[in-house]
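Undergrad: Here you go, this is data-v9.cif (mmCIF, C-alpha atoms).
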```
data_work
#
loop_
_atom_site.group_PDB
_atom_site.id
_atom_site.type_symbol
_atom_site.label_atom_id
_atom_site.label_comp_id
_atom_site.auth_asym_id
_atom_site.auth_seq_id
_atom_site.Cartn_x
_atom_site.Cartn_y
_atom_site.Cartn_z
ATOM 1 C CA MET Z 260 78.651 90.177 -24.793
ATOM 2 C CA SER Z 261 77.741 87.371 -27.105
ATOM 3 C CA ASN Z 262 76.727 83.890 -26.064
ATOM 4 C CA ASN Z 263 77.564 82.555 -29.463
ATOM 5 C CA THR Z 264 79.261 79.224 -29.911
ATOM 6 C CA ASP Z 265 81.739 78.198 -32.562
ATOM 7 C CA TYR Z 266 80.908 75.427 -35.002
ATOM 8 C CA LEU Z 267 83.173 73.953 -37.619
ATOM 9 C CA LEU Z 268 81.593 73.038 -40.956
ATOM 10 C CA LEU Z 269 83.668 70.510 -42.888
ATOM 11 C CA PHE Z 270 82.806 70.198 -46.576
ATOM 12 C CA ARG Z 271 83.181 66.599 -47.651
ATOM 13 C CA GLY Z 272 83.278 65.163 -51.142
ATOM 14 C CA ASN Z 273 85.556 66.319 -53.945
ATOM 15 C CA GLU Z 274 84.060 64.505 -56.922
ATOM 16 C CA TRP Z 275 80.674 66.262 -57.079
ATOM 17 C CA GLN Z 276 81.815 68.792 -59.652
ATOM 18 C CA LYS Z 277 82.801 66.059 -62.143
ATOM 19 C CA ARG Z 278 79.167 65.505 -63.102
ATOM 20 C CA LEU Z 279 78.470 69.154 -63.842
ATOM 21 C CA SER Z 280 78.875 71.074 -67.079
ATOM 22 C CA PRO Z 281 81.089 74.193 -66.902
ATOM 23 C CA GLU Z 282 77.901 76.326 -66.891
ATOM 24 C CA GLU Z 283 76.332 74.372 -64.039
ATOM 25 C CA LEU Z 284 79.602 74.464 -62.126
ATOM 26 C CA GLU Z 285 79.932 78.227 -62.576
ATOM 27 C CA LYS Z 286 76.372 78.702 -61.348
ATOM 28 C CA THR Z 287 76.932 76.517 -58.268
ATOM 29 C CA LEU Z 288 80.226 78.229 -57.407
ATOM 30 C CA GLY Z 289 78.488 81.607 -57.794
ATOM 31 C CA ARG Z 290 75.755 80.545 -55.388
ATOM 32 C CA PHE Z 291 78.393 79.226 -52.977
ATOM 33 C CA MET Z 292 80.216 82.576 -53.018
ATOM 34 C CA GLY Z 293 76.922 84.411 -52.485
ATOM 35 C CA TRP Z 294 76.156 82.207 -49.477
ATOM 36 C CA PHE Z 295 79.686 82.754 -48.144
ATOM 37 C CA GLU Z 296 79.478 86.573 -48.541
ATOM 38 C CA GLU Z 297 76.086 86.634 -46.835
ATOM 39 C CA LEU Z 298 77.395 84.741 -43.796
ATOM 40 C CA LYS Z 299 80.386 87.075 -43.663
ATOM 41 C CA GLU Z 300 78.171 90.178 -43.746
ATOM 42 C CA GLU Z 301 75.995 88.720 -40.985
ATOM 43 C CA GLY Z 302 79.133 88.338 -38.859
ATOM 44 C CA LYS Z 303 78.623 84.609 -38.573
ATOM 45 C CA LEU Z 304 81.808 83.567 -40.339
ATOM 46 C CA LYS Z 305 84.952 83.652 -38.187
ATOM 47 C CA GLY Z 306 87.136 81.805 -40.632
ATOM 48 C CA ALA Z 307 87.003 79.849 -43.868
ATOM 49 C CA ASN Z 308 89.499 78.188 -46.165
ATOM 50 C CA PRO Z 309 89.407 76.025 -49.258
ATOM 51 C CA LEU Z 310 91.969 73.217 -49.331
ATOM 52 C CA TYR Z 311 94.038 71.946 -52.213
ATOM 53 C CA GLY Z 312 93.143 68.381 -53.128
ATOM 54 C CA GLU Z 313 96.640 67.170 -52.320
ATOM 55 C CA GLY Z 314 98.256 66.586 -48.967
ATOM 56 C CA LYS Z 315 100.030 64.123 -46.712
ATOM 57 C CA LEU Z 316 99.101 61.764 -43.918
ATOM 58 C CA VAL Z 317 101.556 61.561 -41.030
ATOM 59 C CA SER Z 318 101.268 58.606 -38.644
ATOM 60 C CA GLY Z 319 103.196 56.024 -36.647
ATOM 61 C CA ALA Z 320 105.601 56.389 -33.749
ATOM 62 C CA ASN Z 321 107.544 59.663 -34.115
ATOM 63 C CA GLY Z 322 105.736 60.289 -37.400
ATOM 64 C CA ARG Z 323 107.853 57.803 -39.348
ATOM 65 C CA VAL Z 324 105.055 57.060 -41.845
ATOM 66 C CA VAL Z 325 104.362 59.878 -44.305
ATOM 67 C CA VAL Z 326 102.166 59.021 -47.288
ATOM 68 C CA ASP Z 327 100.236 60.921 -49.928
ATOM 69 C CA GLY Z 328 96.744 61.527 -48.691
ATOM 70 C CA PRO Z 329 94.051 59.411 -50.356
ATOM 71 C CA PHE Z 330 92.075 62.522 -51.178
ATOM 72 C CA ALA Z 331 91.419 61.954 -54.866
ATOM 73 C CA GLU Z 332 87.766 61.571 -55.796
ATOM 74 C CA SER Z 333 86.363 60.536 -52.481
ATOM 75 C CA LYS Z 334 83.030 61.177 -50.823
ATOM 76 C CA GLU Z 335 84.873 61.554 -47.517
ATOM 77 C CA ALA Z 336 87.647 63.893 -48.589
ATOM 78 C CA ILE Z 337 87.520 67.326 -46.993
ATOM 79 C CA GLY Z 338 87.579 70.162 -49.495
ATOM 80 C CA GLY Z 339 87.378 73.084 -47.122
ATOM 81 C CA TYR Z 340 85.885 74.445 -43.937
ATOM 82 C CA PHE Z 341 83.916 77.296 -42.365
ATOM 83 C CA LEU Z 342 84.302 78.344 -38.746
ATOM 84 C CA LEU Z 343 80.921 79.738 -37.665
ATOM 85 C CA SER Z 344 79.887 81.807 -34.687
ATOM 86 C CA VAL Z 345 76.204 81.041 -34.105
ATOM 87 C CA ALA Z 346 73.616 80.847 -31.326
ATOM 88 C CA ASP Z 347 73.295 77.079 -31.212
ATOM 89 C CA GLU Z 348 73.570 73.812 -33.118
ATOM 90 C CA ALA Z 349 70.174 74.319 -34.773
ATOM 91 C CA GLU Z 350 71.462 77.516 -36.399
ATOM 92 C CA ALA Z 351 74.691 75.811 -37.490
ATOM 93 C CA VAL Z 352 72.696 72.961 -39.073
ATOM 94 C CA ALA Z 353 70.273 75.409 -40.736
ATOM 95 C CA ILE Z 354 73.244 77.219 -42.298
ATOM 96 C CA ALA Z 355 74.755 73.909 -43.425
ATOM 97 C CA GLN Z 356 71.453 72.958 -45.055
ATOM 98 C CA ARG Z 357 71.750 76.026 -47.295
ATOM 99 C CA CYS Z 358 75.092 74.854 -48.709
ATOM 100 C CA PRO Z 359 74.610 74.984 -52.523
ATOM 101 C CA THR Z 360 76.764 71.911 -53.209
ATOM 102 C CA LEU Z 361 74.532 69.586 -51.128
ATOM 103 C CA GLU Z 362 72.277 69.011 -54.129
ATOM 104 C CA HIS Z 363 75.267 67.689 -56.063
ATOM 105 C CA GLY Z 364 76.165 65.083 -53.442
ATOM 106 C CA CYS Z 365 78.483 67.080 -51.198
ATOM 107 C CA VAL Z 366 78.070 66.412 -47.457
ATOM 108 C CA VAL Z 367 78.593 68.908 -44.635
ATOM 109 C CA GLU Z 368 79.866 67.754 -41.253
ATOM 110 C CA VAL Z 369 78.767 70.085 -38.442
ATOM 111 C CA ARG Z 370 80.967 69.924 -35.341
ATOM 112 C CA PRO Z 371 80.790 71.965 -32.139
ATOM 113 C CA VAL Z 372 84.144 73.383 -31.148
ATOM 114 C CA ALA Z 373 85.331 72.545 -27.632
ATOM 115 C CA PRO Z 374 86.396 75.384 -25.336
ATOM 116 C CA GLU Z 375 89.250 73.095 -24.271
ATOM 117 C CA CYS Z 376 90.368 69.595 -25.211
ATOM 118 C CA PRO Z 377 87.354 67.418 -24.203
ATOM 119 C CA LEU Z 378 89.753 64.745 -22.976
ATOM 120 C CA ALA Z 379 91.631 67.123 -20.676
ATOM 121 C CA HIS Z 380 88.281 68.347 -19.406
ATOM 122 C CA SER Z 381 86.901 64.895 -18.608
ATOM 123 C CA LEU Z 382 90.228 63.854 -17.096
ATOM 124 C CA ARG Z 383 90.283 66.853 -14.797
ATOM 125 C CA THR Z 384 86.664 66.284 -13.791
ATOM 126 C CA ALA Z 385 87.199 62.568 -13.175
ATOM 127 C CA THR Z 386 90.604 62.755 -11.507
ATOM 128 C CA PRO Z 387 90.994 66.093 -9.757
ATOM 129 C CA GLU Z 388 94.262 64.953 -8.140
ATOM 130 C CA LEU Z 389 95.885 65.118 -11.579
ATOM 131 C CA ALA Z 390 94.694 68.637 -12.253
ATOM 132 C CA HIS Z 391 97.396 71.186 -12.815
ATOM 133 C CA ALA Z 392 97.189 74.453 -10.972
ATOM 134 C CA MET F 48 102.231 63.729 -56.231
ATOM 135 C CA ASN F 49 102.902 67.415 -56.668
ATOM 136 C CA THR F 50 101.564 69.278 -53.701
ATOM 137 C CA PRO F 51 100.986 72.959 -54.413
ATOM 138 C CA ALA F 52 103.012 75.502 -52.471
ATOM 139 C CA SER F 53 101.090 77.455 -49.890
ATOM 140 C CA SER F 54 101.780 79.729 -46.958
ATOM 141 C CA GLN F 55 99.241 78.112 -44.655
ATOM 142 C CA TYR F 56 98.679 74.475 -43.788
ATOM 143 C CA LEU F 57 95.789 72.797 -42.025
ATOM 144 C CA LEU F 58 96.597 69.900 -39.722
ATOM 145 C CA LEU F 59 93.613 67.627 -39.066
ATOM 146 C CA PHE F 60 93.937 65.234 -36.138
ATOM 147 C CA ARG F 61 92.279 61.902 -36.846
ATOM 148 C CA GLY F 62 91.462 59.161 -34.362
ATOM 149 C CA PRO F 63 90.155 60.709 -31.137
ATOM 150 C CA GLU F 64 89.929 57.288 -29.452
ATOM 151 C CA TRP F 65 93.644 57.077 -28.628
ATOM 152 C CA ASP F 66 93.042 57.307 -24.877
ATOM 153 C CA LYS F 67 91.229 53.954 -24.675
ATOM 154 C CA GLY F 68 93.055 51.511 -22.418
ATOM 155 C CA LEU F 69 95.381 54.146 -20.951
ATOM 156 C CA SER F 70 95.445 55.039 -17.268
ATOM 157 C CA PRO F 71 94.596 58.623 -16.246
ATOM 158 C CA ALA F 72 98.279 59.230 -15.493
ATOM 159 C CA GLU F 73 99.285 57.977 -18.949
ATOM 160 C CA ILE F 74 96.638 60.166 -20.599
ATOM 161 C CA GLN F 75 97.819 63.170 -18.602
ATOM 162 C CA ASP F 76 101.374 62.441 -19.717
ATOM 163 C CA VAL F 77 100.379 62.500 -23.412
ATOM 164 C CA LEU F 78 98.333 65.675 -22.889
ATOM 165 C CA ASP F 79 101.291 67.366 -21.192
ATOM 166 C CA GLN F 80 103.619 66.361 -24.037
ATOM 167 C CA ALA F 81 101.077 67.628 -26.564
ATOM 168 C CA MET F 82 100.826 70.935 -24.723
ATOM 169 C CA THR F 83 104.636 71.291 -24.737
ATOM 170 C CA TRP F 84 104.616 70.598 -28.496
ATOM 171 C CA PHE F 85 101.879 73.175 -29.030
ATOM 172 C CA ASP F 86 103.638 75.796 -26.861
ATOM 173 C CA GLY F 87 106.750 75.334 -29.002
ATOM 174 C CA LEU F 88 104.786 76.078 -32.187
ATOM 175 C CA ASN F 89 103.088 79.006 -30.514
ATOM 176 C CA ARG F 90 106.425 80.508 -29.485
ATOM 177 C CA ARG F 91 107.555 80.335 -33.113
ATOM 178 C CA GLY F 92 104.571 82.569 -33.911
ATOM 179 C CA ILE F 93 103.179 80.264 -36.594
ATOM 180 C CA VAL F 94 99.829 79.245 -35.065
ATOM 181 C CA ARG F 95 96.931 80.922 -36.914
ATOM 182 C CA GLY F 96 94.086 78.976 -35.325
ATOM 183 C CA THR F 97 93.320 75.818 -33.429
ATOM 184 C CA HIS F 98 90.351 74.049 -31.871
ATOM 185 C CA ALA F 99 89.572 70.722 -30.325
ATOM 186 C CA LEU F 100 86.175 69.429 -31.463
ATOM 187 C CA GLN F 101 83.429 67.960 -29.318
ATOM 188 C CA ARG F 102 82.728 64.338 -30.108
ATOM 189 C CA SER F 103 79.171 65.230 -31.073
ATOM 190 C CA GLY F 104 77.848 66.782 -34.258
ATOM 191 C CA CYS F 105 75.760 66.198 -37.369
ATOM 192 C CA ILE F 106 76.141 65.172 -40.961
ATOM 193 C CA VAL F 107 73.982 67.215 -43.335
ATOM 194 C CA SER F 108 73.298 65.880 -46.808
ATOM 195 C CA GLU F 109 70.760 66.339 -49.576
ATOM 196 C CA GLN F 110 69.871 62.651 -49.858
ATOM 197 C CA ARG F 111 66.266 62.077 -48.892
ATOM 198 C CA ALA F 112 65.234 65.657 -48.236
ATOM 199 C CA GLN F 113 68.215 67.028 -46.389
ATOM 200 C CA MET F 114 68.706 64.280 -43.898
ATOM 201 C CA VAL F 115 70.476 65.253 -40.720
ATOM 202 C CA THR F 116 72.155 62.476 -38.791
ATOM 203 C CA ASP F 117 74.049 62.553 -35.562
ATOM 204 C CA GLY F 118 77.584 61.627 -36.407
ATOM 205 C CA PRO F 119 79.357 58.881 -34.430
ATOM 206 C CA PHE F 120 82.474 60.981 -34.193
ATOM 207 C CA ALA F 121 84.091 59.191 -31.288
ATOM 208 C CA GLU F 122 84.141 55.643 -32.626
ATOM 209 C CA SER F 123 85.892 56.001 -35.952
ATOM 210 C CA LYS F 124 89.657 55.982 -36.473
ATOM 211 C CA GLU F 125 88.982 58.475 -39.248
ATOM 212 C CA ALA F 126 87.021 60.877 -37.081
ATOM 213 C CA ILE F 127 88.499 64.333 -36.716
ATOM 214 C CA GLY F 128 89.231 65.372 -33.149
ATOM 215 C CA GLY F 129 90.650 68.810 -33.802
ATOM 216 C CA TYR F 130 92.569 71.067 -36.153
ATOM 217 C CA LEU F 131 95.544 73.374 -36.201
ATOM 218 C CA LEU F 132 96.164 76.090 -38.790
ATOM 219 C CA LEU F 133 99.855 76.908 -39.261
ATOM 220 C CA GLU F 134 101.655 79.606 -41.243
ATOM 221 C CA LEU F 135 104.753 78.035 -42.774
ATOM 222 C CA ASP F 136 106.895 78.331 -45.895
ATOM 223 C CA SER F 137 106.568 74.787 -47.179
ATOM 224 C CA LEU F 138 104.807 71.459 -46.919
ATOM 225 C CA ASP F 139 108.058 69.953 -45.591
ATOM 226 C CA GLU F 140 107.986 72.357 -42.646
ATOM 227 C CA ALA F 141 104.361 71.446 -41.980
ATOM 228 C CA ILE F 142 105.200 67.726 -42.076
ATOM 229 C CA ALA F 143 108.185 68.311 -39.745
ATOM 230 C CA ALA F 144 105.895 70.073 -37.252
ATOM 231 C CA ALA F 145 103.354 67.240 -37.505
ATOM 232 C CA LYS F 146 106.020 64.558 -36.969
ATOM 233 C CA ASP F 147 106.872 65.964 -33.553
ATOM 234 C CA TYR F 148 103.290 65.612 -32.295
ATOM 235 C CA PRO F 149 103.415 63.154 -29.361
ATOM 236 C CA GLY F 150 99.896 61.777 -30.048
ATOM 237 C CA LEU F 151 101.303 59.985 -33.124
ATOM 238 C CA ASN F 152 102.831 57.441 -30.735
ATOM 239 C CA ARG F 153 99.292 56.672 -29.557
ATOM 240 C CA GLY F 154 97.757 55.979 -32.944
ATOM 241 C CA ILE F 155 96.610 59.441 -34.004
ATOM 242 C CA THR F 156 97.077 60.304 -37.675
ATOM 243 C CA ILE F 157 97.611 63.870 -38.859
ATOM 244 C CA GLU F 158 96.321 64.946 -42.241
ATOM 245 C CA VAL F 159 98.423 67.839 -43.565
ATOM 246 C CA ARG F 160 96.648 69.963 -46.169
ATOM 247 C CA PRO F 161 97.844 73.102 -47.948
ATOM 248 C CA ILE F 162 95.347 75.956 -47.835
ATOM 249 C CA SER F 163 94.356 77.475 -51.138
ATOM 250 C CA THR F 164 93.861 81.211 -51.547
ATOM 251 C CA GLU F 165 90.872 80.586 -53.776
ATOM 252 C CA CYS F 166 88.639 77.569 -54.315
ATOM 253 C CA PRO F 167 90.731 75.143 -56.463
ATOM 254 C CA ILE F 168 87.560 74.131 -58.346
ATOM 255 C CA ALA F 169 86.986 77.775 -59.315
ATOM 256 C CA THR F 170 90.644 78.058 -60.403
ATOM 257 C CA ARG F 171 90.325 74.971 -62.601
ATOM 258 C CA LEU F 172 87.052 76.191 -64.103
ATOM 259 C CA ARG F 173 88.588 79.583 -64.947
ATOM 260 C CA GLN F 174 91.636 77.955 -66.537
ATOM 261 C CA GLU F 175 89.404 75.706 -68.635
ATOM 262 C CA GLN F 176 87.290 78.651 -69.724
ATOM 263 C CA GLU F 177 90.415 80.651 -70.624
ATOM 264 C CA ALA F 178 91.731 77.703 -72.630
ATOM 265 C CA VAL F 179 88.443 77.479 -74.534
ATOM 266 C CA ALA F 180 88.425 81.253 -75.150
ATOM 267 C CA ALA F 181 92.021 81.140 -76.438
ATOM 268 C CA ALA F 182 91.348 78.226 -78.769
#
```
Turn the structure described in the file into structure tokens.
TA:
Amino acid sequence: MSNNTDYLLLFRGNEWQKRLSPEELEKTLGRFMGWFEELKEEGKLKGANPLYGEGKLVSGANGRVVVDGPFAESKEAIGGYFLLSVADEAEAVAIAQRCPTLEHGCVVEVRPVAPECPLAHSLRTATPELAHA
Amino acid sequence: MNTPASSQYLLLFRGPEWDKGLSPAEIQDVLDQAMTWFDGLNRRGIVRGTHALQRSGCIVSEQRAQMVTDGPFAESKEAIGGYLLLELDSLDEAIAAAKDYPGLNRGITIEVRPISTECPIATRLRQEQEAVAAA
């Protein structure tokens, strides 16, 4: 029985590779894959996916606004994610700090996963009369 | 923009502050509608993963010796409150699923992103290297 918690690592920044030569880029991607394989072998990786740079943003009442996502060359744009199973936040942060693209300006957002929607949880706690059986 | 075809799409829910100013009953109503929406997707057998995120967390960067900052993930309209991974045949189907999400009426934005089978940067690098080798 594991007490591990899930953490989502979001990799932000999709312009870092522009400053690298093909050789530097190949080296960094190789180190990234090595890091990824290591986490997988340690059983700490529950899921991971790279994202295409393109996409859409859906918003507005009944989703009437659909626009191309402003993902091109942004420090904020999300390029992929890892879903980790680790002991605590310190371990999740320590793993994030080993991300090989950090040194090229990439940023990693470390987010604890909620066992249920935090809003539903706080609502149920605050207003038990609304709780569903 | 040409969005690449994929078989999986990631939906990122942005703007976790939608509940501000709503009564508990109104919030419960939105949550119930969202659950009905989710159950519908689940019954279609297309849900591959989903999580709500806590409003806490950290940003890790290399600037100034691997600074770690606590992220203010509740206050921003851009902040990500959760994700849903769907298996679908096209981006249009993913957008159609996103459009039915009841939280959109409360100011949430959904980012729909096709999943790549390999890192697109690695793909581009390989193609460039092949082009150089062929030249």
Undergrad: Once the PyMOL selection byres ((chain F) within 8 of (chain Z)) has been evaluated on this model, what residues remain selected, and can you format them as an mmCIF file with C-alpha atoms, in the coordinates of the input?
TA:
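So the final result, stored in result10.cif, reads:
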```cif
data_model
loop_
_atom_site.group_PDB
_atom_site.id
_atom_site.type_symbol
_atom_site.label_atom_id
_atom_site.label_comp_id
_atom_site.auth_asym_id
_atom_site.auth_seq_id
_atom_site.Cartn_x
_atom_site.Cartn_y
_atom_site.Cartn_z
ATOM 1 C CA MET F 48 102.231 63.729 -56.231
ATOM 2 C CA ASN F 49 102.902 67.415 -56.668
ATOM 3 C CA THR F 50 101.564 69.278 -53.701
ATOM 4 C CA PRO F 51 100.986 72.959 -54.413
ATOM 5 C CA PRO F 71 94.596 58.623 -16.246
ATOM 6 C CA ALA F 72 98.279 59.230 -15.493
ATOM 7 C CA GLN F 75 97.819 63.170 -18.602
ATOM 8 C CA LEU F 78 98.333 65.675 -22.889
ATOM 9 C CA HIS F 98 90.351 74.049 -31.871
ATOM 10 C CA ALA F 99 89.572 70.722 -30.325
ATOM 11 C CA LEU F 100 86.175 69.429 -31.463
ATOM 12 C CA GLN F 101 83.429 67.960 -29.318
ATOM 13 C CA ARG F 102 82.728 64.338 -30.108
ATOM 14 C CA SER F 103 79.171 65.230 -31.073
ATOM 15 C CA GLY F 104 77.848 66.782 -34.258
ATOM 16 C CA CYS F 105 75.760 66.198 -37.369
ATOM 17 C CA ILE F 106 76.141 65.172 -40.961
ATOM 18 C CA VAL F 107 73.982 67.215 -43.335
ATOM 19 C CA SER F 108 73.298 65.880 -46.808
ATOM 20 C CA GLU F 109 70.760 66.339 -49.576
ATOM 21 C CA GLN F 110 69.871 62.651 -49.858
ATOM 22 C CA GLN F 113 68.215 67.028 -46.389
ATOM 23 C CA ILE F 142 105.200 67.726 -42.076
ATOM 24 C CA ALA F 145 103.354 67.240 -37.505
ATOM 25 C CA LYS F 146 106.020 64.558 -36.969
ATOM 26 C CA ASP F 147 106.872 65.964 -33.553
ATOM 27 C CA TYR F 148 103.290 65.612 -32.295
ATOM 28 C CA PRO F 149 103.415 63.154 -29.361
ATOM 29 C CA LEU F 151 101.303 59.985 -33.124
ATOM 30 C CA ASN F 152 102.831 57.441 -30.735
ATOM 31 C CA ARG F 153 99.292 56.672 -29.557
ATOM 32 C CA GLY F 154 97.757 55.979 -32.944
ATOM 33 C CA ILE F 155 96.610 59.441 -34.004
ATOM 34 C CA THR F 156 97.077 60.304 -37.675
ATOM 35 C CA ILE F 157 97.611 63.870 -38.859
ATOM 36 C CA GLU F 158 96.321 64.946 -42.241
ATOM 37 C CA VAL F 159 98.423 67.839 -43.565
ATOM 38 C CA ARG F 160 96.648 69.963 -46.169
ATOM 39 C CA PRO F 161 97.844 73.102 -47.948
ATOM 40 C CA ILE F 162 95.347 75.956 -47.835
ATOM 41 C CA SER F 163 94.356 77.475 -51.138
ATOM 42 C CA THR F 164 93.861 81.211 -51.547
ATOM 43 C CA GLU F 165 90.872 80.586 -53.776
ATOM 44 C CA CYS F 166 88.639 77.569 -54.315
ATOM 45 C CA PRO F 167 90.731 75.143 -56.463
ATOM 46 C CA ILE F 168 87.560 74.131 -58.346
ATOM 47 C CA ALA F 169 86.986 77.775 -59.315
ATOM 48 C CA LEU F 172 87.052 76.191 -64.103
#
```
Undergrad: Between atom CA of Gly129 of chain F and atom CA of Phe60 of chain F, measure the distance and give it in Å to one decimal.
TA: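 Separating atom CA of Gly129 of chain F from atom CA of Phe60 of chain F is a distance of 5.4 Å.
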Undergrad: Separation of atom CA of Leu342 of chain Z and atom CA of Glu140 of chain F, in Å?
TA: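 Computed distance, atom CA of Leu342 of chain Z to atom CA of Glu140 of chain F, equals 24.7 Å.
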Undergrad: Atom CA of Gly96 of chain F and atom CA of Ala349 of chain Z are how many Å apart?
TA: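 Between atom CA of Gly96 of chain F and atom CA of Ala349 of chain Z the gap is 24.4 Å.
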Undergrad: As a check of understanding, name the residues that the PyMOL selection byres ((chain F and resi 137) around 9) selects in the supplied structure, as an mmCIF file with C-alpha atoms, keeping the file's coordinate frame.
TA:
```cif
data_model
loop_
_atom_site.group_PDB
_atom_site.id
_atom_site.type_symbol
_atom_site.label_atom_id
_atom_site.label_comp_id
_atom_site.auth_asym_id
_atom_site.auth_seq_id
_atom_site.Cartn_x
_atom_site.Cartn_y
_atom_site.Cartn_z
ATOM 1 C CA ALA F 52 103.012 75.502 -52.471
ATOM 2 C CA SER F 53 101.090 77.455 -49.890
ATOM 3 C CA SER F 54 101.780 79.729 -46.958
ATOM 4 C CA GLN F 55 99.241 78.112 -44.655
ATOM 5 C CA TYR F 56 98.679 74.475 -43.788
ATOM 6 C CA LEU F 135 104.753 78.035 -42.774
ATOM 7 C CA ASP F 136 106.895 78.331 -45.895
ATOM 8 C CA LEU F 138 104.807 71.459 -46.919
ATOM 9 C CA ASP F 139 108.058 69.953 -45.591
ATOM 10 C CA GLU F 140 107.986 72.357 -42.646
ATOM 11 C CA ALA F 141 104.361 71.446 -41.980
ATOM 12 C CA ILE F 142 105.200 67.726 -42.076
ATOM 13 C CA PRO F 161 97.844 73.102 -47.948
#
```
Undergrad: Name the residues that the PyMOL selection byres ((chain F and resi 87-94) around 8) picks from the file above, as number ranges by chain, using the file's chain letters and numbers.
TA: F: 83-86, 95-97, 131-135, 144
